[in-house]
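All remarks here apply to the structure that follows.
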Amino acid sequence: MEKNIHNDPLDDYVRNTFDDYEENPAADMWSRIESDLAPDAPAVPVWRVFYFRNRLRMAAAFILLLLSGLVCEHYYYENKLRDLSLKTAAKQDVPADRDAVFSKKAPRKAAQQPNETAFFEKTKRAISGQAARKNASGVQRSGMSTPVPSHHSASPAPPAQASYPAPVSLPGHTSYPTTDFSEKTDLIGTTTNMAANFSPDGGPSPAVADQPLPALGKSGVLDPLGATSIAPLPAAPLPVFDAIFERPIEPVREPSGWYVGLHTTLNRTFENTREPARRPGGRPVFVGRQERPQASVDWWLKVGKTLNRRIGLESGIGYTQNTRATAHTARFRFDDGVIQPGGPILGQRRDFSYDLSTYGGSAAVSLRMEPADNSAPVTDTEPVIAKITAIEQTRLLRIPLLLTGRIGSGRMQAVAKAGLTGNFFLKNDLEITAGISQNSRLRFAQNANNIQFERTGNFFLGYWVSAGLEFRWNRQVRLVAEPVLSGNFARRDAQDRRLPDQVLAGVNVGVNWVF
Amino acid sequence: MTEPNLPACLQGDRLAQKQLFECFRGKMFVLCLRYANSREDAEDILQEGFVKVFRDLPQYSGAGNFEGWMRKVFVNTALQYLQKQKRIPVMSELDGQDFPDDAEPFVHDEPPAKQMIQILQKLPTGFRTIFNLHILEGYSHPEIAEILGISVGTSKSQLLRAKAHFRKLLEGSLTT
């Protein structure tokens with residue numbers, strides 16, 4: 001800076017007037033400066049918040065719809081199968097109350113009542129015949145509500161009673177009560193027991209016919225006098241149907257074909273980068289390349305439907321988070337830079353601008369360089385070489401639509417899948433982390449690097465190809481392991497330049513739950 | 001006035017930064033007032049300038065006067081501010097224009113520097129910038145030409161016109 005050589009009294013007058021003159025700014029000036037100095041919270045653009053929230057809502061709604069669909073379908077098939085089971089039982093002449101024994105939920109149907117009536121009538125006749133025989137032999141027998149041991153029981157028959165006291169007429173109980181078989185609903189258990197002790201032709205089982213009839217306990221109405229000496233029989237075991245009736249064959253439940261799965265894919269990420277040609281009059285373009293293949297993990301909630309034994313469809317929702325370290329080398333001549341005020345040597349602080357092409361989009365970058373030595377100006381032909389490293393953070397929501405094929409039978413099957421993936425950027429940020437000047441005569445002007453990241457479209461299409469094995473653990477659980485090759489189709493930035501592509505090679509493992 | 005603790009400022013010590021601010025705010029505010037069109041603009045420049053000083057402090061090598069380095073930062077900030085506001089016109093546009101000399105009389109109980117600031121603020125921005133850079137900051141015409149992106153000849157001619165205009169305004173203020 002040279003001193004003003006003109007000796008104008010006005011100049012001196014002005015300089016002297018301002019010499020040592022001070023004026024105070026507004027009182028809140030320091031707080032304004034302080035607020036500017038505070039580290040900025042990372043600003044999230046409004047559109048991105050909105051976009052992110054909407055995507056989350058969409059994903060949540062999709063999962064909810066999917067799950068409710070699956071639950072509905074599950075119950076629909078359950079009911080259908082139950083109906084089918086009842087119909088099969090009716091065809092095989094099985095009392096419908098069998099279902100009531102095993103499951104209280106099974107409804108009785110009017111159509112089955114004629115069969116039941118015939119069955120009970122048979123039983124009634126058989127019991128009446130037995131009672132008559134016992135009475136003739138002078139043995140008092142109990143009412144029909146007394147459980148009778150099954151002839152299937154391995155335990156020996158209870159010891160025969162020498163004699164039963166004669167019936168005593170009590171007020172209101174002048175005769176033995178008899179079972180009213182028409183009230184079948186109250187006698188389901190009893191009837192079933194009885195059914196277990198009679199041969200299919202309605203006659204009494206020989207084993208039962210020879211057994212002495214047990215007495216009732218205190219609670220019974222038949223034996224009020226001898227109750228103290230005769231212990232009530234223990235409760236009979238559950239009825240055994242198979243003695244008389246073949247257990248109806250339940251229809252085999254065919255799987256619905258739907259399945260949901262939790263999968264994870266471990267990937268190695270490879271990049272396919274091309275240096276875009278510089279357009280006439282345009283700024284130079286450099287490509288940020290990842291320095292080495294990097295690992296990434298995808299998480300998937302998958303839903304699939306097998307259309308037949310071989311072919312199926314699979315979709316779902318996936319999430320991937322990826323942090324890539326990239327590097328590029330910006331090369332210029334010193335006279336390519338735009339002169340900026342300031343710097344150690346006037347006119348030698350310069351801005352070098354270029355476009356950076358990366359996976360997430362393109363960025364306009366400006367580097368401010370100046371001579372490293374304050375006393376050594378550089379020439380216009382001086383090469384400017386700067387190695388820049390950047391961190392790119394992406395979060396992706398992925399929705400695949402895959403065609404699946406299965407080969408083989410038995411527990412192990414070969415599975416192949418191929419299809420498209422829709423990819424949504426939930427987060428896509430680029431940050432320059434370091435810059436190293438490769439020319440020792442130049443250095444970066446501190447805190448002057450500038451980057452404006454122009455993201456690519458938030459949606460892009462990709463592909464997925466995999467082939468592996470599926471192991472049937474049991475009727476519902478299947479384990480999957482399959483090598484995967486996935487990636488994205490060609491994408492372009494706002495200037496219609498091709499962006500770097502990614503190819504992911506990895507292994508997908510997961511568990512499927514079949515309905 | 002206490003000396004600013006530069007190493008502490010470098011480490012981001014707020015107290016030391018405030019001390020530095022207290023130390024230089026008066027002088028730097030006057031510099032900003034000289035370049036700005038109004039007091040509000042000057043405060044904006046002062047705010048930006050101090051933020052730059054604290055952020056670029058590692059660039060100060062220690063060689064030379066710290067105040068001189070600070071002044072350079074503030075001058076650059078003021079020029080960038082005016083450029084951002086598009087208040088520095090192309091210098092050739094000023095040629096042949098007549099500017100009003102609506103000089104206001106000096107108020108005698110105000111310091112002359114304050115009155116001179118008022119006169120400076122009446123000058124067109126281009127004239128004021130060259131006047132400041134040459135007479136008060138001591139930049140040469142080639143330097144001004146490079147900074148403002150004009151020719152040396154334009155710088156010289158504009159300075160002459162700026163001085164003539166300033167003199168006129170000053171004389172008007174003193175005589176009324």
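In the structure tokens, chains take the letters A, B, ... in the order shown, each chain's residues start at 1, and ligands count up from 1 in the order shown.
Every protein, DNA or RNA residue with an atom at most 9 Å from Gly435 (chain A), where only C-alpha atoms count and chain neighbours fewer than 4 positions away do not, is listed here: Ala386, Lys387, Ile388, Thr389, Ala390 and Phe444 of chain A.
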Note to self: Applying 6 Å and only C-alpha atoms, which residues near Phe471 (chain A) remain after dropping the ones on its own chain fewer than 3 positions away? List them as a PyMOL selection string.
What the structure shows: chain A and resi 411-412+478-479
Checklist line | Nearest to Ile117 (chain B), chosen from A:Gln476, A:Glu275, A:Gln321, A:Thr17, with only C-alpha atoms counted in the distances | finding: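 Using only C-alpha atoms, the shortest distance to Ile117 (chain B) belongs to A:Thr17.
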Residues of chain B within 9 Å of chain A, counting only C-alpha atoms - could you list those as a JSON list (two decimals) with C-alpha atoms, in the first residue's frame?
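Output contents, as saved in result_39.json:
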[["chain", "number", "residue", "atom", "x", "y", "z"],
["B", 14, "ARG", "CA", -15.81, -15.39, 24.30],
["B", 18, "LYS", "CA", -15.62, -9.38, 23.77],
["B", 21, "PHE", "CA", -14.60, -5.99, 20.41],
["B", 22, "GLU", "CA", -14.68, -3.38, 23.19],
["B", 25, "ARG", "CA", -15.56, -1.13, 18.21],
["B", 26, "GLY", "CA", -15.35, 2.70, 18.25],
["B", 27, "LYS", "CA", -12.66, 3.02, 15.58],
["B", 28, "MET", "CA", -14.10, 0.31, 13.37],
["B", 29, "PHE", "CA", -17.57, 1.76, 13.61],
["B", 30, "VAL", "CA", -16.29, 5.08, 12.32],
["B", 39, "ARG", "CA", -25.96, 4.21, 10.41],
["B", 42, "ALA", "CA", -22.71, 0.74, 9.13],
["B", 43, "GLU", "CA", -23.89, -1.45, 12.00],
["B", 46, "LEU", "CA", -19.52, -3.72, 11.73],
["B", 47, "GLN", "CA", -21.28, -6.93, 12.74],
["B", 48, "GLU", "CA", -20.11, -8.81, 9.64],
["B", 50, "PHE", "CA", -16.18, -8.55, 13.61],
["B", 51, "VAL", "CA", -17.50, -12.00, 12.76],
["B", 54, "PHE", "CA", -12.91, -13.73, 14.75],
["B", 55, "ARG", "CA", -13.26, -16.40, 12.09],
["B", 56, "ASP", "CA", -10.19, -15.35, 10.08],
["B", 58, "PRO", "CA", -5.85, -17.72, 12.41],
["B", 59, "GLN", "CA", -4.84, -16.02, 9.17],
["B", 72, "LYS", "CA", -8.20, -4.33, 5.95],
["B", 73, "VAL", "CA", -10.78, -6.90, 6.98],
["B", 76, "ASN", "CA", -13.07, -5.62, 2.48],
["B", 79, "LEU", "CA", -16.80, -3.19, -0.09],
["B", 80, "GLN", "CA", -18.43, -6.63, -0.26],
["B", 111, "PRO", "CA", -17.64, 16.93, 16.68],
["B", 112, "PRO", "CA", -16.32, 17.81, 13.20],
["B", 113, "ALA", "CA", -15.71, 14.11, 12.42],
["B", 114, "LYS", "CA", -19.36, 13.33, 12.88],
["B", 116, "MET", "CA", -17.76, 15.02, 8.07],
["B", 134, "HIS", "CA", -7.39, 6.74, -1.40],
["B", 135, "ILE", "CA", -7.41, 9.49, 1.20],
["B", 136, "LEU", "CA", -8.21, 7.65, 4.41],
["B", 137, "GLU", "CA", -6.92, 4.10, 3.78],
["B", 138, "GLY", "CA", -3.99, 5.16, 1.63],
["B", 139, "TYR", "CA", -4.51, 2.79, -1.29],
["B", 140, "SER", "CA", -2.84, 3.73, -4.58],
["B", 143, "GLU", "CA", -4.68, -0.97, -6.08],
["B", 146, "GLU", "CA", -7.80, -3.81, -9.03],
["B", 147, "ILE", "CA", -10.08, -3.90, -6.03],
["B", 148, "LEU", "CA", -12.97, -2.18, -7.76],
["B", 163, "LYS", "CA", -12.84, 15.53, -3.85],
["B", 167, "ARG", "CA", -15.05, 20.19, -0.93]]
